[in-house]
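Comments concern the structure below.
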Amino acid sequence: MIILGIDPGLAIVGWGVIEYQNAKFRTIAYGSINTPKGTRTEERLRLIFEGMNELIEKYHPDAMAVEELFFTNNITTGIRVAEARGIILLAAELACVPIFEYTPPQVKQAVVGYGRAEKRQVISMVTMLLGLPKPPRPDDTADALAIAICHAHSGASRLAQYFNK
């Protein structure tokens, strides 16, 4: 199963593509879609949409795993991230890629074994589980890979449910 993990954002969208087969991981690629600060929101959303389309076209994922939004104190930032997340979901839907969503505690539980793990613990486990030579950067990319790993651990049954709707 090829999984595209996404950590949504407006300035940085972290992404990671892994293959999970026979309980083994293979890292295919990872990186981020970056939008320039000071650019109109509409332009940033277009750049994210185009970047997502390129990733889907290049890697042909069987599933896309996306982190659910976690709102903190800044509602304006949360709204912008929600807009970017909507664009990300739209790109997957238009390409007929099944979408699965996970909360931050679910991701941490799947990767570290503890739902309140610290970011450094998640990055360390992602690096180890995927056999990477060094921790992925930026942190958004490490988060995207963690989301993909989370889906790999729970996704086979969820993917079957998706197609049996």
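Labeling convention for the structure tokens: chains A, B, ... as they appear, residues from 1 per chain, ligands from 1 in order of appearance.
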
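Once Leu145 of chain A and its same-chain neighbours fewer than 3 positions away are set aside, Gly5, Trp15, Gly16, Val126, Thr141, Ala142, Ala148 and Ile149 of chain A remain within 7 Å of it when counting only C-alpha atoms.
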
Among chain A, which ones does DSSP assign to strand (DSSP E) (computed from the backbone)? Answer as a ChimeraX atom specification. /A:2-7,12-21,24-34,63-67,99-102

Go ahead and write the residues just picked, C-alpha atoms, as an mmCIF file, in the first residue's frame.
```
data_model
loop_
_atom_site.group_PDB
_atom_site.id
_atom_site.type_symbol
_atom_site.label_atom_id
_atom_site.label_comp_id
_atom_site.auth_asym_id
_atom_site.auth_seq_id
_atom_site.Cartn_x
_atom_site.Cartn_y
_atom_site.Cartn_z
ATOM 1 C CA ILE A 2 1.376 3.420 -0.987
ATOM 2 C CA ILE A 3 0.395 6.058 1.587
ATOM 3 C CA LEU A 4 0.653 9.825 1.187
ATOM 4 C CA GLY A 5 0.814 11.427 4.635
ATOM 5 C CA ILE A 6 -0.068 15.112 4.884
ATOM 6 C CA ASP A 7 0.477 17.641 7.661
ATOM 7 C CA ILE A 12 4.145 24.756 4.909
ATOM 8 C CA VAL A 13 2.384 21.546 3.938
ATOM 9 C CA GLY A 14 4.482 18.611 5.070
ATOM 10 C CA TRP A 15 4.207 15.474 2.959
ATOM 11 C CA GLY A 16 5.628 11.992 3.022
ATOM 12 C CA VAL A 17 5.119 8.973 0.793
ATOM 13 C CA ILE A 18 5.751 5.524 2.185
ATOM 14 C CA GLU A 19 5.040 1.992 1.117
ATOM 15 C CA TYR A 20 3.796 -0.428 3.732
ATOM 16 C CA GLN A 21 3.837 -4.071 2.758
ATOM 17 C CA LYS A 24 7.593 -3.362 6.530
ATOM 18 C CA PHE A 25 8.091 0.290 5.664
ATOM 19 C CA ARG A 26 9.826 1.681 2.615
ATOM 20 C CA THR A 27 10.300 5.420 2.361
ATOM 21 C CA ILE A 28 9.600 6.639 -1.154
ATOM 22 C CA ALA A 29 9.911 10.421 -0.791
ATOM 23 C CA TYR A 30 9.180 13.313 1.539
ATOM 24 C CA GLY A 31 9.309 17.067 1.580
ATOM 25 C CA SER A 32 7.122 20.123 1.878
ATOM 26 C CA ILE A 33 5.047 22.463 -0.194
ATOM 27 C CA ASN A 34 6.052 25.975 0.838
ATOM 28 C CA ALA A 63 -4.570 6.277 0.388
ATOM 29 C CA MET A 64 -3.995 9.744 1.791
ATOM 30 C CA ALA A 65 -3.728 10.210 5.553
ATOM 31 C CA VAL A 66 -4.288 13.746 6.829
ATOM 32 C CA GLU A 67 -3.962 15.186 10.287
ATOM 33 C CA ILE A 99 -8.863 10.036 2.491
ATOM 34 C CA PHE A 100 -8.312 9.050 6.122
ATOM 35 C CA GLU A 101 -8.040 11.490 9.002
ATOM 36 C CA TYR A 102 -6.210 11.140 12.307
#
```

Please, which residues of segment 3-90 of chain A, numbered as in this document, come out alpha helix (DSSP H) from DSSP, as an mmCIF file with N, CA, C and O atoms, in the first residue's frame?
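And here is the file that came out, part_21.cif:
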```
data_model
loop_
_atom_site.group_PDB
_atom_site.id
_atom_site.type_symbol
_atom_site.label_atom_id
_atom_site.label_comp_id
_atom_site.auth_asym_id
_atom_site.auth_seq_id
_atom_site.Cartn_x
_atom_site.Cartn_y
_atom_site.Cartn_z
ATOM 1 N N THR A 41 -3.702 34.932 0.228
ATOM 2 C CA THR A 41 -4.175 33.615 0.641
ATOM 3 C C THR A 41 -4.632 32.799 -0.565
ATOM 4 O O THR A 41 -4.326 31.610 -0.672
ATOM 5 N N GLU A 42 -5.357 33.427 -1.487
ATOM 6 C CA GLU A 42 -5.857 32.714 -2.658
ATOM 7 C C GLU A 42 -4.717 32.132 -3.489
ATOM 8 O O GLU A 42 -4.818 31.012 -3.998
ATOM 9 N N GLU A 43 -3.643 32.869 -3.609
ATOM 10 C CA GLU A 43 -2.471 32.398 -4.351
ATOM 11 C C GLU A 43 -1.810 31.228 -3.622
ATOM 12 O O GLU A 43 -1.404 30.255 -4.232
ATOM 13 N N ARG A 44 -1.722 31.336 -2.299
ATOM 14 C CA ARG A 44 -1.130 30.256 -1.520
ATOM 15 C C ARG A 44 -1.957 28.971 -1.659
ATOM 16 O O ARG A 44 -1.408 27.882 -1.794
ATOM 17 N N LEU A 45 -3.272 29.115 -1.642
ATOM 18 C CA LEU A 45 -4.144 27.950 -1.803
ATOM 19 C C LEU A 45 -3.974 27.315 -3.180
ATOM 20 O O LEU A 45 -3.960 26.095 -3.307
ATOM 21 N N ARG A 46 -3.810 28.137 -4.195
ATOM 22 C CA ARG A 46 -3.574 27.617 -5.542
ATOM 23 C C ARG A 46 -2.259 26.845 -5.590
ATOM 24 O O ARG A 46 -2.184 25.757 -6.170
ATOM 25 N N LEU A 47 -1.228 27.381 -4.968
ATOM 26 C CA LEU A 47 0.072 26.703 -4.944
ATOM 27 C C LEU A 47 -0.022 25.355 -4.219
ATOM 28 O O LEU A 47 0.572 24.362 -4.656
ATOM 29 N N ILE A 48 -0.779 25.312 -3.146
ATOM 30 C CA ILE A 48 -0.971 24.053 -2.415
ATOM 31 C C ILE A 48 -1.728 23.059 -3.291
ATOM 32 O O ILE A 48 -1.344 21.883 -3.385
ATOM 33 N N PHE A 49 -2.786 23.519 -3.954
ATOM 34 C CA PHE A 49 -3.571 22.644 -4.824
ATOM 35 C C PHE A 49 -2.708 22.073 -5.942
ATOM 36 O O PHE A 49 -2.727 20.869 -6.207
ATOM 37 N N GLU A 50 -1.928 22.916 -6.573
ATOM 38 C CA GLU A 50 -1.048 22.449 -7.656
ATOM 39 C C GLU A 50 0.003 21.476 -7.127
ATOM 40 O O GLU A 50 0.298 20.452 -7.757
ATOM 41 N N GLY A 51 0.569 21.781 -5.962
ATOM 42 C CA GLY A 51 1.557 20.881 -5.358
ATOM 43 C C GLY A 51 0.962 19.527 -5.017
ATOM 44 O O GLY A 51 1.581 18.485 -5.255
ATOM 45 N N MET A 52 -0.247 19.532 -4.481
ATOM 46 C CA MET A 52 -0.923 18.269 -4.155
ATOM 47 C C MET A 52 -1.199 17.462 -5.417
ATOM 48 O O MET A 52 -0.994 16.251 -5.441
ATOM 49 N N ASN A 53 -1.654 18.135 -6.450
ATOM 50 C CA ASN A 53 -1.918 17.441 -7.714
ATOM 51 C C ASN A 53 -0.645 16.786 -8.256
ATOM 52 O O ASN A 53 -0.688 15.653 -8.744
ATOM 53 N N GLU A 54 0.472 17.493 -8.166
ATOM 54 C CA GLU A 54 1.748 16.932 -8.636
ATOM 55 C C GLU A 54 2.135 15.697 -7.825
ATOM 56 O O GLU A 54 2.587 14.686 -8.383
ATOM 57 N N LEU A 55 1.978 15.764 -6.507
ATOM 58 C CA LEU A 55 2.319 14.620 -5.651
ATOM 59 C C LEU A 55 1.451 13.414 -5.969
ATOM 60 O O LEU A 55 1.954 12.286 -6.094
ATOM 61 N N ILE A 56 0.167 13.636 -6.115
ATOM 62 C CA ILE A 56 -0.761 12.534 -6.403
ATOM 63 C C ILE A 56 -0.455 11.929 -7.763
ATOM 64 O O ILE A 56 -0.430 10.702 -7.912
ATOM 65 N N GLU A 57 -0.189 12.784 -8.735
ATOM 66 C CA GLU A 57 0.115 12.292 -10.087
ATOM 67 C C GLU A 57 1.438 11.518 -10.112
ATOM 68 O O GLU A 57 1.564 10.496 -10.788
ATOM 69 N N LYS A 58 2.418 11.983 -9.362
ATOM 70 C CA LYS A 58 3.734 11.342 -9.379
ATOM 71 C C LYS A 58 3.766 10.024 -8.615
ATOM 72 O O LYS A 58 4.391 9.061 -9.051
ATOM 73 N N TYR A 59 3.101 9.959 -7.458
ATOM 74 C CA TYR A 59 3.244 8.793 -6.582
ATOM 75 C C TYR A 59 2.051 7.835 -6.586
ATOM 76 O O TYR A 59 2.143 6.745 -6.040
ATOM 77 N N ILE A 75 -7.486 31.820 16.333
ATOM 78 C CA ILE A 75 -8.546 31.348 15.457
ATOM 79 C C ILE A 75 -8.304 31.756 14.004
ATOM 80 O O ILE A 75 -8.641 31.009 13.082
ATOM 81 N N THR A 76 -7.685 32.915 13.778
ATOM 82 C CA THR A 76 -7.414 33.357 12.408
ATOM 83 C C THR A 76 -6.470 32.387 11.711
ATOM 84 O O THR A 76 -6.704 31.982 10.577
ATOM 85 N N THR A 77 -5.406 31.990 12.393
ATOM 86 C CA THR A 77 -4.481 31.009 11.834
ATOM 87 C C THR A 77 -5.200 29.687 11.598
ATOM 88 O O THR A 77 -5.018 29.046 10.562
ATOM 89 N N GLY A 78 -6.037 29.293 12.538
ATOM 90 C CA GLY A 78 -6.792 28.049 12.397
ATOM 91 C C GLY A 78 -7.689 28.057 11.177
ATOM 92 O O GLY A 78 -7.805 27.050 10.471
ATOM 93 N N ILE A 79 -8.316 29.173 10.903
ATOM 94 C CA ILE A 79 -9.186 29.281 9.730
ATOM 95 C C ILE A 79 -8.367 29.147 8.456
ATOM 96 O O ILE A 79 -8.755 28.439 7.523
ATOM 97 N N ARG A 80 -7.227 29.790 8.382
ATOM 98 C CA ARG A 80 -6.365 29.699 7.195
ATOM 99 C C ARG A 80 -5.879 28.268 6.969
ATOM 100 O O ARG A 80 -5.843 27.781 5.850
ATOM 101 N N VAL A 81 -5.505 27.608 8.045
ATOM 102 C CA VAL A 81 -5.071 26.214 7.923
ATOM 103 C C VAL A 81 -6.246 25.344 7.484
ATOM 104 O O VAL A 81 -6.084 24.439 6.664
ATOM 105 N N ALA A 82 -7.428 25.630 7.987
ATOM 106 C CA ALA A 82 -8.623 24.879 7.577
ATOM 107 C C ALA A 82 -8.891 25.067 6.088
ATOM 108 O O ALA A 82 -9.285 24.117 5.395
ATOM 109 N N GLU A 83 -8.671 26.270 5.581
ATOM 110 C CA GLU A 83 -8.841 26.509 4.143
ATOM 111 C C GLU A 83 -7.838 25.676 3.341
ATOM 112 O O GLU A 83 -8.200 25.041 2.345
ATOM 113 N N ALA A 84 -6.600 25.656 3.799
ATOM 114 C CA ALA A 84 -5.568 24.864 3.116
ATOM 115 C C ALA A 84 -5.915 23.374 3.188
ATOM 116 O O ALA A 84 -5.777 22.645 2.204
ATOM 117 N N ARG A 85 -6.393 22.949 4.321
ATOM 118 C CA ARG A 85 -6.780 21.545 4.495
ATOM 119 C C ARG A 85 -7.908 21.179 3.535
ATOM 120 O O ARG A 85 -7.919 20.094 2.959
ATOM 121 N N GLY A 86 -8.848 22.096 3.354
ATOM 122 C CA GLY A 86 -9.937 21.863 2.404
ATOM 123 C C GLY A 86 -9.426 21.677 0.989
ATOM 124 O O GLY A 86 -9.890 20.795 0.251
ATOM 125 N N ILE A 87 -8.443 22.463 0.606
ATOM 126 C CA ILE A 87 -7.829 22.347 -0.727
ATOM 127 C C ILE A 87 -7.141 20.994 -0.868
ATOM 128 O O ILE A 87 -7.224 20.337 -1.904
ATOM 129 N N ILE A 88 -6.473 20.567 0.183
ATOM 130 C CA ILE A 88 -5.772 19.274 0.186
ATOM 131 C C ILE A 88 -6.774 18.133 0.020
ATOM 132 O O ILE A 88 -6.569 17.222 -0.793
ATOM 133 N N LEU A 89 -7.861 18.190 0.779
ATOM 134 C CA LEU A 89 -8.895 17.155 0.674
ATOM 135 C C LEU A 89 -9.540 17.157 -0.706
ATOM 136 O O LEU A 89 -9.818 16.093 -1.273
ATOM 137 N N LEU A 90 -9.760 18.339 -1.262
ATOM 138 C CA LEU A 90 -10.341 18.445 -2.599
ATOM 139 C C LEU A 90 -9.438 17.794 -3.642
ATOM 140 O O LEU A 90 -9.915 17.056 -4.513
#
```

Please compute the atom CA of Gln109 of chain A-atom CA of Ala11 of chain A distance, one decimal, in Å.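 Computing it gives 26.4 Å between the two atoms.
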
Report as a ChimeraX atom specification all protein, DNA and RNA residues lying within 10 Å of Gln106 of chain A, evaluated on only C-alpha atoms, omitting residues in the same chain fewer than 5 positions from it. /A:67,101,111-116,147,150-151

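Minimum atom-to-atom distances from A:Glu68, A:Asp139, A:Ala95, A:Thr103 to Lys119 of chain A were compared using only C-alpha atoms, and the lowest value belongs to A:Asp139.
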